[in-house]
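Below: the structure, in structure tokens.
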Amino acid sequence: MLSGYERQTEEDYDNYVYPMKINISVDLPEGFKLLYGDEYGDEENKWSACNLGFHPDLEAPDYRNGMNPYILRKNSSMYPDSFECIVIDENSNERNDVCSYCFVYVDEQSKTAFIEPVSTREKYRHKGIGIAMMHGVMLKCKEKCIEKCYVNSYDWRRKFYNAAGFITEDSIGFWHKTIR
């Protein structure tokens with residue numbers, strides 16, 4: 001205990017770092033394609049894949065809860081070199097062919113990147129699509145001379161990030177104090 005604070009034991013967040021010295025490739029199943037940023041112009045479908053990847057029970061053509069976080073990320077003046085990475089299903093007959101999505105905040109001055117959010121729509125999970133997308137992110141970051149990429153993780157996400165080559169750098173941890 002530190003000055004009356006107690007560390008929360010459950011749901012501890014870890015900082016994961018991707019060491020840019022690892023050799024990787026983008027290995028997607030046939031019929032899938034990796035794109036960066038505005039190579040895919042349908043903003044609503046990118047937003048939908050990101051949002052609905054976390055809430056598959058809400059996946060409906062008319063579901064919308066506002067695109068404000070998505071728009072704010074895209075228009076951030078703090079990270080002008082940031083980019084999106086997506087994977088699309090070229091064989092999809094659906095209106096939304098985006099399978100996996102992430103946003104990458106790039107700071108070329110510090111040579112670092114932070115990847116958040118990362119999402120793969122439920123029906124495309126466990127096929128290697130998310131990991132291939134993350135490898136595509138790393139390759140793009142290498143082009144930009146980025147030395148380290150970071151994600152924050154907890155629970156089931158640890159397994160995904162480890163499979164993509166990320167390693168635990170440190171634990172964030174949360175501390176609580178009861179005020180009386």
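Residues are named by chain letter and number: chains run A, B, ... in the order of the structure tokens, numbers start at 1 in each chain, and ligands are numbered from 1 in the order shown.
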
I want to know what sits within 8 Å of segment 80-88 of chain A, based on only C-alpha atoms, with residues of the same chain fewer than 2 positions away left out; could you give that as number ranges by chain? A: 32-37, 46, 76-78, 90, 97-108, 129, 133, 136-137

**OP:** Tell me which protein, DNA and RNA residues are within 12 Å of Arg125 of chain A, counting only C-alpha atoms, leaving out same-chain ones fewer than 2 positions away, and put them as a PyMOL selection string.
**Re:** chain A and resi 53-54+56+99-100+119-123+127-132+160

Those selected residues, please, written with C-alpha atoms and delivered as a PDB file, in the first residue's frame.
ATOM      1  CA  GLY A  53     -15.919  -5.115 -34.243  1.00  0.00           C
ATOM      2  CA  PHE A  54     -16.321  -4.562 -30.533  1.00  0.00           C
ATOM      3  CA  PRO A  56     -21.122  -7.538 -33.057  1.00  0.00           C
ATOM      4  CA  CYS A  99     -12.976  -6.922 -42.085  1.00  0.00           C
ATOM      5  CA  SER A 100     -10.377  -5.327 -39.849  1.00  0.00           C
ATOM      6  CA  SER A 119     -10.766  -4.169 -34.329  1.00  0.00           C
ATOM      7  CA  THR A 120     -11.707  -7.181 -36.423  1.00  0.00           C
ATOM      8  CA  ARG A 121     -15.355  -7.890 -37.127  1.00  0.00           C
ATOM      9  CA  GLU A 122     -16.451 -11.055 -35.351  1.00  0.00           C
ATOM     10  CA  LYS A 123     -17.101 -13.187 -38.445  1.00  0.00           C
ATOM     11  CA  LYS A 127      -8.361 -16.344 -39.731  1.00  0.00           C
ATOM     12  CA  GLY A 128      -5.063 -14.400 -39.419  1.00  0.00           C
ATOM     13  CA  ILE A 129      -6.596 -11.206 -40.844  1.00  0.00           C
ATOM     14  CA  GLY A 130      -6.002  -9.024 -37.771  1.00  0.00           C
ATOM     15  CA  ILE A 131      -2.400 -10.184 -37.417  1.00  0.00           C
ATOM     16  CA  ALA A 132      -1.763  -9.557 -41.135  1.00  0.00           C
ATOM     17  CA  PHE A 160      -3.657 -11.337 -30.043  1.00  0.00           C
TER      18      PHE A 160
END

In terms of only C-alpha atoms, the residue from A:Pro29, A:Gly41, A:Gly4, A:Pro117 at minimal distance from Asn152 of chain A is A:Pro117
